[in-house]
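Q: Below is the file model-v1.tsv, with TSV, C-alpha atoms.
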```
chain	number	residue	atom	x	y	z
A	1	MET	CA	-6.82	-33.70	-3.27
A	2	ALA	CA	-7.92	-34.53	-6.80
A	3	SER	CA	-11.29	-32.87	-6.19
A	4	LYS	CA	-9.53	-29.69	-4.99
A	5	ILE	CA	-7.45	-29.62	-8.18
A	6	GLN	CA	-10.57	-30.12	-10.26
A	7	GLN	CA	-12.33	-27.28	-8.42
A	8	LEU	CA	-9.33	-25.04	-8.97
A	9	GLN	CA	-9.25	-25.87	-12.66
A	10	SER	CA	-12.95	-25.11	-13.05
A	11	LYS	CA	-12.55	-21.78	-11.22
A	12	ALA	CA	-9.59	-20.90	-13.43
A	13	TYR	CA	-11.61	-21.77	-16.52
A	14	GLN	CA	-14.52	-19.62	-15.36
A	15	ALA	CA	-12.18	-16.72	-14.66
A	16	SER	CA	-10.54	-17.00	-18.07
A	17	GLN	CA	-13.95	-17.08	-19.76
A	18	PHE	CA	-15.04	-13.98	-17.83
A	19	LEU	CA	-11.84	-12.15	-18.77
A	20	ALA	CA	-12.17	-13.16	-22.40
A	21	LYS	CA	-15.71	-11.81	-22.47
A	22	HIS	CA	-15.34	-8.63	-20.40
A	23	GLY	CA	-11.60	-7.93	-20.24
A	24	THR	CA	-11.22	-5.73	-23.31
A	25	GLY	CA	-14.23	-3.62	-22.43
A	26	TYR	CA	-12.93	-3.05	-18.93
A	27	TYR	CA	-9.46	-2.23	-20.31
A	28	LYS	CA	-10.85	0.35	-22.72
A	29	GLN	CA	-13.07	1.88	-20.04
A	30	LEU	CA	-10.14	2.11	-17.63
A	31	LEU	CA	-7.95	3.84	-20.21
A	32	GLU	CA	-10.73	6.24	-21.15
A	33	GLN	CA	-11.39	7.22	-17.53
A	34	ASN	CA	-7.69	7.81	-16.85
A	35	LYS	CA	-6.54	9.30	-20.15
A	36	GLN	CA	-5.31	12.47	-18.41
A	37	TYR	CA	-2.54	10.35	-16.84
A	38	ILE	CA	-1.35	8.81	-20.09
A	39	VAL	CA	1.83	10.35	-21.45
A	40	GLU	CA	2.13	10.62	-25.19
A	41	PRO	CA	3.88	8.93	-26.90
A	42	PRO	CA	3.63	5.76	-24.79
A	43	THR	CA	7.08	4.40	-25.56
A	44	VAL	CA	9.52	2.31	-23.56
A	45	GLU	CA	11.94	5.25	-23.38
A	46	LYS	CA	9.25	7.51	-21.92
A	47	CYS	CA	8.34	4.83	-19.35
A	48	ASN	CA	11.98	4.52	-18.31
A	49	GLU	CA	12.26	8.31	-18.00
A	50	LEU	CA	9.13	8.51	-15.86
A	51	SER	CA	10.26	5.68	-13.58
A	52	LYS	CA	13.59	7.45	-13.03
A	53	GLN	CA	11.77	10.71	-12.30
A	54	LEU	CA	9.62	8.95	-9.73
A	55	LEU	CA	12.61	7.29	-8.07
A	56	TYR	CA	14.67	10.46	-7.80
A	57	THR	CA	11.68	12.53	-6.72
A	58	ARG	CA	11.07	10.06	-3.90
A	59	LEU	CA	14.76	10.18	-2.98
A	60	ALA	CA	14.66	13.98	-2.96
A	61	SER	CA	11.74	13.92	-0.50
A	62	ILE	CA	13.71	11.94	2.11
A	63	PRO	CA	15.30	14.97	3.86
A	64	GLY	CA	11.88	16.59	4.37
A	65	ARG	CA	10.45	13.35	5.72
A	66	TYR	CA	13.46	12.93	7.99
A	67	GLU	CA	12.97	16.43	9.38
A	68	SER	CA	9.24	15.80	9.93
A	69	PHE	CA	10.03	12.54	11.74
A	70	TRP	CA	12.37	14.26	14.19
A	71	LYS	CA	9.81	17.02	14.80
A	72	GLU	CA	7.29	14.32	15.73
A	73	VAL	CA	9.83	12.66	18.02
A	74	ASP	CA	10.53	15.99	19.71
A	75	SER	CA	6.81	16.54	20.16
A	76	VAL	CA	6.42	13.14	21.82
A	77	LYS	CA	9.43	13.85	24.06
A	78	HIS	CA	7.87	17.17	25.07
A	79	MET	CA	4.56	15.47	25.86
A	80	TRP	CA	6.36	12.81	27.90
A	81	ARG	CA	8.26	15.44	29.92
A	82	ASN	CA	4.98	17.23	30.65
A	83	ARG	CA	2.93	14.08	31.23
A	84	LYS	CA	1.57	15.49	34.48
A	85	GLU	CA	-0.34	18.04	32.40
A	86	LEU	CA	-1.52	15.42	29.93
A	87	LYS	CA	-5.26	15.41	29.30
A	88	VAL	CA	-7.31	12.23	29.24
A	89	GLU	CA	-8.28	12.94	25.62
A	90	ASP	CA	-4.63	13.10	24.53
A	91	ALA	CA	-3.82	9.87	26.35
A	92	GLY	CA	-6.85	8.19	24.75
A	93	ILE	CA	-5.80	9.30	21.27
A	94	ALA	CA	-2.27	8.02	21.86
A	95	ALA	CA	-3.62	4.69	23.13
A	96	LEU	CA	-5.90	4.32	20.11
A	97	PHE	CA	-3.00	5.12	17.78
A	98	GLY	CA	-0.87	2.45	19.46
A	99	LEU	CA	-3.72	-0.03	19.25
A	100	GLU	CA	-4.18	0.71	15.55
A	101	CYS	CA	-0.47	0.18	14.88
A	102	PHE	CA	-0.61	-3.14	16.70
A	103	ALA	CA	-3.73	-4.18	14.74
A	104	TRP	CA	-2.03	-3.41	11.42
A	105	TYR	CA	1.01	-5.40	12.56
A	106	CYS	CA	-1.19	-8.38	13.44
A	107	ALA	CA	-3.06	-8.15	10.13
A	108	GLY	CA	0.23	-8.14	8.25
A	109	GLU	CA	1.44	-11.16	10.15
A	110	ILE	CA	-1.77	-13.07	9.46
A	111	VAL	CA	-1.72	-12.23	5.76
A	112	GLY	CA	1.97	-13.08	5.49
A	113	ARG	CA	1.50	-16.43	7.15
A	114	GLY	CA	-1.61	-17.18	5.11
A	115	PHE	CA	0.28	-16.96	1.84
A	116	THR	CA	3.09	-19.10	3.21
A	117	PHE	CA	0.83	-21.83	4.56
A	118	THR	CA	-1.29	-22.07	1.42
A	119	GLY	CA	1.71	-22.23	-0.89
A	120	TYR	CA	0.96	-18.98	-2.74
A	121	TYR	CA	3.91	-16.67	-3.10
A	122	VAL	CA	3.61	-13.14	-4.38
```
For this file, produce the structure as C-alpha cells.

A:
Amino acid sequence: MASKIQQLQSKAYQASQFLAKHGTGYYKQLLEQNKQYIVEPPTVEKCNELSKQLLYTRLASIPGRYESFWKEVDSVKHMWRNRKELKVEDAGIAALFGLECFAWYCAGEIVGRGFTFTGYYV
C-alpha cells in the first residue's frame, strides 16, 4: 500500500511539473483558437446572464423535443402495426440500434462501478 501511495505521489508531482511548464502556453493557445466565443467584457455579471440564457433556451426547446419524441413513437407504432411488410434491412437497423443502446448502458454501468470501486468520486 505504501508503494502505491509513493507511485501516486510521484505521478502527481510529474503532472504538476508538466502543467507548470506547459500549462500557460496551452491556456493561451486555447483562448486564441476560441476567441470568437469569448464575450466582452468577461465579467461575473455577463457569465450569470449567459448561464440564464442557456438554461431558459434549453427549457424553451422542451416542447419541440416532446413533439419530436411523440412523432418517433407514432412512427414505431405504425411500423409495429405493419410488421408483416417490414423489410429485413429495417429490422436489422432496429436491432443494431437496440444493441447500441444496450452497449452504451453497459459501458455506463462499468464506468460508474469503476469509480465507486476505486474510491474516486466525480

Q: What is the CA of Ala94 (chain A)-CA of Glu72 (chain A) distance in Å, reported with one decimal?

A: 13.0 Å

Q: Hey, can you check how far CA of Gly114 (chain A) sits from CA of Ser16 (chain A)?

A: 24.8 Å

Q: Can you tell me, as JSON, the centre and edge lengths (Å, one decimal) of the axis-aligned box enclosing all of region 26-29 of chain A's listed atoms after padding each side by 8 Å?

A:
```
{"center_x": -11.3, "center_y": -0.6, "center_z": -20.8, "size_x": 19.6, "size_y": 20.9, "size_z": 19.8}
```

Q: Report, in Å with one decimal, the straight-line distance from CA of Val73 (chain A) to CA of Gly98 (chain A).

A: 14.9 Å

Q: Considering only C-alpha atoms, return as a short mmCIF file (atom, residue, chain, number, x, y, z; two decimals) with C-alpha atoms, keeping the file's coordinate frame whatever protein or nucleic-acid residues lie within 12 Å of region 29-38 of chain A, sequence-local ones (same chain, fewer than 6 positions apart) excluded.

A:
```
data_model
loop_
_atom_site.label_atom_id
_atom_site.label_comp_id
_atom_site.auth_asym_id
_atom_site.auth_seq_id
_atom_site.Cartn_x
_atom_site.Cartn_y
_atom_site.Cartn_z
CA HIS A 22 -15.34 -8.63 -20.40
CA GLY A 23 -11.60 -7.93 -20.24
CA LYS A 46 9.25 7.51 -21.92
CA CYS A 47 8.34 4.83 -19.35
CA LEU A 50 9.13 8.51 -15.86
#
```
